[in-house]
Amino acid sequence: MKRVLLSWSSGKDSAWTLHVLRQRGDCQIVGFLTTLNAEFDRVAMHGTRSSVLQAQAEAAGVPLWPVLLPWPCSNEQYETQMKTACARATSEKVDAIAFGDLFLRDIREYREKQLAGTGLTALFPLWEIPTASLAHEMLAGGLRAKLTCVDTKQLSASFVGRDFDHHLLDELPPGVDPCGERGEFHTCVYAGPMFTSPLQLSQGETVVRDGFAYADFLANNRPLITSKAV
């Protein structure tokens with residue numbers, strides 16, 4: 001049985017990766033490896049509050065391995081923090097880190113390069129599954145998510161805050177990947193077969209900053225952790 005860390009973004013692809021790995025039955029998921037913007041106390045890129053992240057981890061029954069990143073964060077700083085996380089992983093007998101990447105070859109090669117020589121293997125359970133099929137498979141399997149971040153250079157800000165569902169997929173403009181793999185949008189999962197019970201989310205403020213639209217969500221069953229708006 002492999003001991004596996006899962007790179008957890010709070011979004012649908014990492015959540016579905018958890019589901020797929022559990023179905024395989026040859027892995028023990030020992031932690032969610034999550035990068036957090038320490039300045040804003042939120043998941044990097046996705047903008048998910050740490051309180052929502054904690055609620056996800058509890059619902060999945062998996063402990064968090066947070067990686068706190070400064071803001072702004074250079075690539076050198078990021079890699080230093082990840083090396084520390086990898087060192088901890090090897091010391092705790094972790095065999096591999098799983099990622100929810102879908103088809104971006106440069107991202108995969110970067111991850112494999114960073115793990116080279118660490119003793120950790122990179123796993124990509126969803127690799128090259130056609131994204132249109134994958135999106136519908138996720139929904140059919142009971143996954144539910146909200147769009148927390150939209151790149152307004154690729155997709156209208158009006159999509160942020162919406163449910164990731166069949167209606168949204170039908171309305172995506174041509175050229176936008178159904179899973180947002182090119183960074184068109186990011187999500188926060190609140191229900192699915194990977195959770196023992198759904199999260200109850202309520203939507204707060206929506207802001208547009210630096211070309212990105214963010215929708216703020218709170219987990220109703222979690223105390224509000226004070227954090228700066230994205």
# chains A, B, ... in the order shown; residues from 1 in each chain; ligands from 1
call {"tool": "residues_around", "arguments": {"residues": "Trp127 (chain A)", "least_positions_apart": "2", "cutoff": "8 Å", "atoms": "only C-alpha atoms", "output": "PyMOL selection string"}}
result
chain A and resi 100-103+124-125+129
call {"tool": "closest_atom_pairs", "arguments": {"of": "region 13-76 of chain A", "to": "region 198-215 of chain A", "cutoff": "9 Å", "atoms": "only C-alpha atoms", "output": "JSON lines"}}
result
{"residue": "A:His46", "atom": "CA", "partner": "A:Tyr214", "partner_atom": "CA", "distance": 8.2}
{"residue": "A:Gly47", "atom": "CA", "partner": "A:Tyr214", "partner_atom": "CA", "distance": 6.9}
{"residue": "A:Thr48", "atom": "CA", "partner": "A:Ala215", "partner_atom": "CA", "distance": 8.9}
{"residue": "A:Val52", "atom": "CA", "partner": "A:Leu201", "partner_atom": "CA", "distance": 8.4}
{"residue": "A:Ala55", "atom": "CA", "partner": "A:Leu199", "partner_atom": "CA", "distance": 7.2}
{"residue": "A:Gln56", "atom": "CA", "partner": "A:Leu199", "partner_atom": "CA", "distance": 7.3}
{"residue": "A:Ala59", "atom": "CA", "partner": "A:Pro198", "partner_atom": "CA", "distance": 7.4}
call {"tool": "closest_residue", "arguments": {"among": "A:Met45, A:Val20, A:Leu104, A:Met138", "to": "Asp151 (chain A)", "atoms": "only C-alpha atoms"}}
result
A:Met45
call {"tool": "residues_around", "arguments": {"residues": "His166 (chain A)", "least_positions_apart": "3", "cutoff": "10 Å", "atoms": "only C-alpha atoms", "output": "compact mmCIF listing (two decimals) with all heavy atoms, in the first residue's frame"}}
result
# COMPACT_ATOMS: atom_id res chain seq x y z
N ALA A 135 -15.38 16.26 -17.02
CA ALA A 135 -16.29 17.19 -16.35
C ALA A 135 -17.66 16.56 -16.12
O ALA A 135 -18.23 16.65 -15.02
CB ALA A 135 -16.42 18.48 -17.16
N HIS A 136 -18.18 15.89 -17.14
CA HIS A 136 -19.49 15.24 -16.99
C HIS A 136 -19.42 14.03 -16.07
O HIS A 136 -20.38 13.76 -15.33
CB HIS A 136 -20.03 14.86 -18.37
CG HIS A 136 -20.46 16.04 -19.19
ND1 HIS A 136 -21.63 16.73 -18.95
CD2 HIS A 136 -19.88 16.65 -20.26
CE1 HIS A 136 -21.75 17.72 -19.81
NE2 HIS A 136 -20.70 17.70 -20.63
N LEU A 139 -19.61 15.34 -12.48
CA LEU A 139 -20.97 15.73 -12.10
C LEU A 139 -21.87 14.50 -11.91
O LEU A 139 -22.65 14.44 -10.96
CB LEU A 139 -21.55 16.66 -13.15
CG LEU A 139 -20.86 18.03 -13.25
CD1 LEU A 139 -21.40 18.81 -14.44
CD2 LEU A 139 -21.04 18.83 -11.96
N ALA A 140 -21.73 13.53 -12.80
CA ALA A 140 -22.53 12.31 -12.68
C ALA A 140 -22.17 11.56 -11.40
O ALA A 140 -23.03 10.88 -10.81
CB ALA A 140 -22.31 11.41 -13.89
N ASP A 163 -22.27 27.67 -9.77
CA ASP A 163 -22.02 26.25 -9.61
C ASP A 163 -21.34 25.69 -10.85
O ASP A 163 -21.66 26.09 -11.99
CB ASP A 163 -23.33 25.49 -9.39
CG ASP A 163 -23.73 25.43 -7.92
OD1 ASP A 163 -23.07 24.70 -7.17
OD2 ASP A 163 -24.68 26.14 -7.54
N LEU A 169 -21.34 24.36 -18.06
CA LEU A 169 -20.56 23.75 -19.14
C LEU A 169 -21.14 24.11 -20.50
O LEU A 169 -20.40 24.38 -21.45
CB LEU A 169 -20.52 22.24 -18.96
CG LEU A 169 -19.74 21.71 -17.75
CD1 LEU A 169 -19.88 20.20 -17.65
CD2 LEU A 169 -18.27 22.10 -17.84
N ASP A 170 -22.47 24.13 -20.59
CA ASP A 170 -23.11 24.46 -21.86
C ASP A 170 -22.89 25.92 -22.26
O ASP A 170 -22.94 26.25 -23.46
CB ASP A 170 -24.63 24.21 -21.76
CG ASP A 170 -24.97 22.73 -21.70
OD1 ASP A 170 -24.11 21.90 -22.07
OD2 ASP A 170 -26.09 22.39 -21.26
N GLU A 171 -22.64 26.78 -21.28
CA GLU A 171 -22.52 28.21 -21.55
C GLU A 171 -21.08 28.69 -21.69
O GLU A 171 -20.84 29.87 -21.98
CB GLU A 171 -23.22 29.00 -20.44
CG GLU A 171 -24.73 28.78 -20.41
CD GLU A 171 -25.38 29.41 -19.19
OE1 GLU A 171 -24.76 30.34 -18.60
OE2 GLU A 171 -26.48 28.97 -18.81
call {"tool": "closest_atom_pairs", "arguments": {"of": "region 7-42 of chain A", "to": "region 184-190 of chain A", "cutoff": "10 Å", "atoms": "only C-alpha atoms", "output": "CSV"}}
result
residue,atom,partner,partner_atom,distance
A:Ser9,CA,A:Cys188,CA,8.2
A:Ser10,CA,A:Cys188,CA,5.2
A:Gly11,CA,A:Cys188,CA,4.4
A:Lys12,CA,A:Val189,CA,5.6
A:Asp13,CA,A:Thr187,CA,8.8
A:Ser14,CA,A:Val189,CA,9.3
A:Ala15,CA,A:Val189,CA,7.1
A:Trp16,CA,A:Val189,CA,9.6
call {"tool": "closest_residue", "arguments": {"among": "A:Ala191, A:Leu6, A:Leu53, A:Cys86", "to": "Ala145 (chain A)", "atoms": "only C-alpha atoms"}}
result
A:Ala191
call {"tool": "residues_around", "arguments": {"residues": "Phe164 (chain A)", "least_positions_apart": "2", "cutoff": "7 Å", "atoms": "only C-alpha atoms", "output": "list of chain:residue names"}}
result
A:Arg144, A:Ala145, A:Lys146, A:Leu147, A:Arg162, A:Leu168
call {"tool": "select_by_dssp", "arguments": {"residues": "region 4-229 of chain A", "states": "alpha helix (DSSP H)", "output": "VMD selection string"}}
result
chain A and resid 12 to 24 50 to 60 75 to 91 105 to 115 131 to 140 166 to 171
call {"tool": "atom_distance", "arguments": {"atom1": "CA of Pro63 (chain A)", "atom2": "CA of Gly183 (chain A)"}}
result
26.6 Å
call {"tool": "closest_residue", "arguments": {"among": "A:Leu143, A:Val67, A:Ile97, A:Cys179", "to": "Thr84 (chain A)", "atoms": "only C-alpha atoms"}}
result
A:Val67
call {"tool": "closest_atom_pairs", "arguments": {"of": "region 60-136 of chain A", "to": "region 28-31 of chain A", "cutoff": "7 Å", "atoms": "only C-alpha atoms", "output": "JSON lines"}}
result
{"residue": "A:Val62", "atom": "CA", "partner": "A:Gly31", "partner_atom": "CA", "distance": 5.5}
{"residue": "A:Pro63", "atom": "CA", "partner": "A:Gly31", "partner_atom": "CA", "distance": 4.9}
{"residue": "A:Leu64", "atom": "CA", "partner": "A:Gly31", "partner_atom": "CA", "distance": 5.6}
{"residue": "A:Trp65", "atom": "CA", "partner": "A:Gly31", "partner_atom": "CA", "distance": 6.0}
call {"tool": "write_last_selection", "arguments": {"atoms": "all heavy atoms", "output": "CSV table (one decimal), in the first residue's frame"}}
result
chain,number,residue,atom,x,y,z
A,62,VAL,N,-8.9,13.5,5.9
A,62,VAL,CA,-7.5,13.6,5.6
A,62,VAL,C,-6.8,14.8,6.2
A,62,VAL,O,-7.4,15.9,6.1
A,62,VAL,CB,-7.3,13.7,4.0
A,62,VAL,CG1,-5.8,13.8,3.7
A,62,VAL,CG2,-7.9,12.5,3.3
A,63,PRO,N,-5.7,14.6,6.9
A,63,PRO,CA,-5.0,15.8,7.5
A,63,PRO,C,-4.4,16.7,6.5
A,63,PRO,O,-4.0,16.3,5.5
A,63,PRO,CB,-4.0,15.1,8.4
A,63,PRO,CG,-3.7,13.8,7.8
A,63,PRO,CD,-5.0,13.4,7.2
A,64,LEU,N,-4.4,18.0,6.9
A,64,LEU,CA,-3.8,19.0,6.1
A,64,LEU,C,-2.3,19.1,6.3
A,64,LEU,O,-1.8,19.0,7.4
A,64,LEU,CB,-4.4,20.4,6.4
A,64,LEU,CG,-5.8,20.7,5.9
A,64,LEU,CD1,-6.3,22.0,6.4
A,64,LEU,CD2,-5.8,20.7,4.3
A,65,TRP,N,-1.5,19.3,5.2
A,65,TRP,CA,-0.1,19.6,5.2
A,65,TRP,C,0.0,21.0,4.6
A,65,TRP,O,0.3,21.1,3.4
A,65,TRP,CB,0.7,18.6,4.5
A,65,TRP,CG,0.9,17.3,5.1
A,65,TRP,CD1,0.0,16.6,5.9
A,65,TRP,CD2,2.1,16.5,5.0
A,65,TRP,NE1,0.6,15.4,6.3
A,65,TRP,CE2,1.9,15.3,5.8
A,65,TRP,CE3,3.3,16.6,4.4
A,65,TRP,CZ2,2.8,14.3,5.9
A,65,TRP,CZ3,4.3,15.6,4.6
A,65,TRP,CH2,4.0,14.5,5.3
